[in-house]
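**Q** A single structure is presented below for examination.
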Amino acid sequence: MGEENEMVPKKDRQSKRGSILPLLAFIPETNLVGSFDADMVETPEDNIHHKDGRPWHIRTLARIRYSLFGVTFKAFAVWFVLYGINIAFNWTEHYWSQSKGNTCRNMTELALKTACEDARTLKKGWIEKNKEQFQTFEENTKTALTFLVGAFVKLMIARWWAQTSKIPKLNRLAIRMNALMREGDKGEESMKNTKQEILRLACLSYSIVMLSISNKYADEPQKAIKLLKDKQIITEKEIKQLGFDKIGDEKRFFSANGGAMLKWWRPLNWAMWMVQQETETPTKKGGHLDPSNFKDVSKEIGHIYDSLEHVADYNIRPMPKIAMQAVQVVFWVSLVIATLDNSWKNINNFGNHGSKLMLGILDILNNIDELVVYILLFAWIKMAEIVENPFGADKHFDINIERQIDTELYVTTAALHLFDVKGTKD
């Protein structure tokens, strides 16, 4: 490509935000590690949790589904229904107690009055005993719930951090090759093409793993292959070598336990072979890599392999479903028992001596603290569900796989082409 064409910026690589390195817009298409959209490259300002500068209450209303209220609405709705049932039960009990007491007091015969009072006392004692049993059951479920939620959420967050913190940064490989590779007899252009090809193969392995563990294209393998082709990180020859041309519409191929995960490492193997071919030996001269530096470059490729394998392992061997089911069962049982067990002490004890409306309001306020506790517990459980797979399809909480791939293509290209715009080298 001529010099005058090289200086014409590529429109699809000019970020509208102005935060992407301007020189990338001038790099010829053939010198990119892969094709990327500059506006998809992730920067700290793109974090959906931080870039909205509106007041917190406006943000909450705008994204009500992802707010604390939206995430815990299900638990609140169930509590509200159960609390309504509790009100009905307590009102019935209070009404029966008052009417039964009046009936007994209105009896004239002593024997009948005594029998009536005994029956009333017996039934009231039976109700109180059942309440005590409910309270014991409630305390036991709360103890189990507190232990399970705390331990489970801590474990899930630890897994989430251990997985996401191991996502490899491919520009490390580019920086290492920039430091260790030399032009040699083949010249600068050959060296740059070699580094570009090694980085492309690393990006291919990276993309196959990320697309598979996200499950986004699990049932649409052709779309995943088209994405790789659009990003220009896979060739027709490599599609055949990896067997991607034979899969058709095979379901679950690009999934954590699909066929793609049996082959993701092969591009890294090809990259390692290229490094070996470019290493000079006593019988082979003219390579871009000195024998003393072979270990450093190959070690960096090995680091990418180890990191991708580590990241994939968490999706290949997820937490057993029974763990989440146990937490969910204990939570809902505890919520049901605790809500139905709420007492109306003010109305029951002072209903004949004051305003029942005010007494009822006081009883409701006394029970609100329990709602707050269960809302917070449910929020923790939902957080454990959210971090179970950091690469899911939720646009608000999960990592955007396409954006991750574009970001890696950007940073590797930026690391590879240090001085490609006229005047920047000096």
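Letters A, B, ... go to the chains of the structure tokens in the order shown; residues in each chain start at 1; ligands are counted from 1 in the same order.
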Hey, what's within 9 Å of segment 199-207 of chain A if we count only C-alpha atoms and toss same-chain stuff fewer than 5 positions away? As a ChimeraX atom specification, please?
**A** /A:32-34,168,170-171,173-174,194,212,228,232-234,263-271,301,304-305,308,401-402,404-405,408-409,412-413,416
**Q** So that I have them on file, write out the residues from the current selection with C-alpha atoms, as a PDB file, in the first residue's frame.
**A**
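And here's selection.pdb as it stands now:
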```pdb
ATOM      1  CA  LEU A  32      -3.711  -5.214  11.730  1.00  0.00           C
ATOM      2  CA  VAL A  33      -3.623  -8.192  14.061  1.00  0.00           C
ATOM      3  CA  GLY A  34      -7.366  -8.416  13.384  1.00  0.00           C
ATOM      4  CA  PRO A 168      -4.777 -13.040  29.740  1.00  0.00           C
ATOM      5  CA  LEU A 170      -2.219 -10.518  24.819  1.00  0.00           C
ATOM      6  CA  ASN A 171      -0.289  -7.262  24.520  1.00  0.00           C
ATOM      7  CA  LEU A 173       3.237 -11.175  24.183  1.00  0.00           C
ATOM      8  CA  ALA A 174       3.542  -8.263  21.730  1.00  0.00           C
ATOM      9  CA  THR A 194       5.955 -12.714  11.862  1.00  0.00           C
ATOM     10  CA  SER A 212     -17.273 -20.997  24.104  1.00  0.00           C
ATOM     11  CA  LEU A 228     -14.047 -14.911  13.726  1.00  0.00           C
ATOM     12  CA  GLN A 232     -10.010 -11.485  10.325  1.00  0.00           C
ATOM     13  CA  ILE A 233      -8.402 -13.739  12.898  1.00  0.00           C
ATOM     14  CA  ILE A 234      -9.136 -17.032  11.148  1.00  0.00           C
ATOM     15  CA  LYS A 263      -9.302 -27.551  19.701  1.00  0.00           C
ATOM     16  CA  TRP A 264      -8.866 -24.047  21.111  1.00  0.00           C
ATOM     17  CA  TRP A 265      -5.185 -24.626  21.938  1.00  0.00           C
ATOM     18  CA  ARG A 266      -4.141 -25.558  18.382  1.00  0.00           C
ATOM     19  CA  PRO A 267      -3.571 -21.970  17.158  1.00  0.00           C
ATOM     20  CA  LEU A 268      -1.241 -21.447  20.126  1.00  0.00           C
ATOM     21  CA  ASN A 269       0.571 -24.598  19.055  1.00  0.00           C
ATOM     22  CA  TRP A 270       0.981 -23.138  15.559  1.00  0.00           C
ATOM     23  CA  ALA A 271       2.289 -19.917  17.088  1.00  0.00           C
ATOM     24  CA  ILE A 301       2.809 -18.163  24.833  1.00  0.00           C
ATOM     25  CA  ILE A 304      -1.460 -17.426  27.606  1.00  0.00           C
ATOM     26  CA  TYR A 305      -2.267 -21.139  27.371  1.00  0.00           C
ATOM     27  CA  LEU A 308      -7.003 -19.514  29.120  1.00  0.00           C
ATOM     28  CA  ILE A 401     -17.334 -11.062  24.853  1.00  0.00           C
ATOM     29  CA  GLU A 402     -17.348  -9.179  21.549  1.00  0.00           C
ATOM     30  CA  GLN A 404     -13.299  -8.169  24.994  1.00  0.00           C
ATOM     31  CA  ILE A 405     -12.168  -9.548  21.642  1.00  0.00           C
ATOM     32  CA  GLU A 408      -7.505  -7.454  22.694  1.00  0.00           C
ATOM     33  CA  LEU A 409      -7.239  -6.875  18.946  1.00  0.00           C
ATOM     34  CA  THR A 412      -2.105  -6.099  20.442  1.00  0.00           C
ATOM     35  CA  THR A 413      -2.180  -3.952  17.292  1.00  0.00           C
ATOM     36  CA  LEU A 416       2.848  -4.122  17.570  1.00  0.00           C
TER      37      LEU A 416
END
```
**Q** Near Phe253 of chain A, within 8 Å and counting only C-alpha atoms, which residues show up once chain neighbours fewer than 2 positions away are dropped, as a list in words?
**A** Ser212, Ala218, Asp219, Pro221, Ile247, Glu250, Lys251, Ser255, Asn257, Gly258, Gly259 and Ala260 of chain A
**Q** Tell me, as number ranges by chain, which residues lie within 12 Å of Ile368 of chain A, counting only C-alpha atoms; anything in the same chain fewer than 4 positions away does not count.
**A** A: 76, 79-80, 83, 338-339, 342, 361-364, 372-375
**Q** Between atom CA of Ile213 of chain A and atom CA of Arg252 of chain A, measure the distance and give it in Å to one decimal.
**A**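 According to the coordinates, atom CA of Ile213 of chain A and atom CA of Arg252 of chain A are separated by 10.7 Å.
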**Q** According to DSSP computed on the backbone, where in segment 276-318 of chain A is there alpha helix (DSSP H)? Give the residues as a list in words.
**A** Gln276, Gln277, Pro291, Ser292, Asn293, Phe294, Lys295, Asp296, Val297, Ser298, Lys299, Glu300, Ile301, Gly302, His303, Ile304, Tyr305, Asp306, Ser307, Leu308, Glu309, His310, Val311, Ala312, Asp313, Tyr314, Asn315 and Ile316 of chain A
**Q** Need the shell around segment 310-322 of chain A: protein/DNA/RNA residues with any atom at most 8 Å away, counting only C-alpha atoms. Skip same-chain ones fewer than 3 positions apart. Format as a PyMOL selection string?
**A** chain A and resi 159+163-164+166-167+209+213+256-257+306-307+325-326+389
**Q** Go ahead and save the residues from that selection, with C-alpha atoms, as a compact mmCIF listing (two decimals), in the first residue's frame.
**A**
```
# COMPACT_ATOMS: atom_id res chain seq x y z
CA ARG A 159 -14.44 -18.10 42.13
CA GLN A 163 -11.55 -16.58 37.03
CA THR A 164 -11.78 -13.00 35.76
CA LYS A 166 -6.76 -14.70 35.06
CA ILE A 167 -8.04 -13.44 31.69
CA VAL A 209 -12.24 -19.89 24.47
CA ILE A 213 -17.45 -20.22 27.82
CA ALA A 256 -17.86 -24.77 27.76
CA ASN A 257 -18.05 -28.52 27.13
CA ASP A 306 -2.22 -21.56 31.16
CA SER A 307 -4.40 -18.49 31.71
CA GLN A 325 -30.78 -25.15 45.23
CA ALA A 326 -30.03 -25.73 48.91
CA ASN A 389 -20.86 -17.08 34.97
```
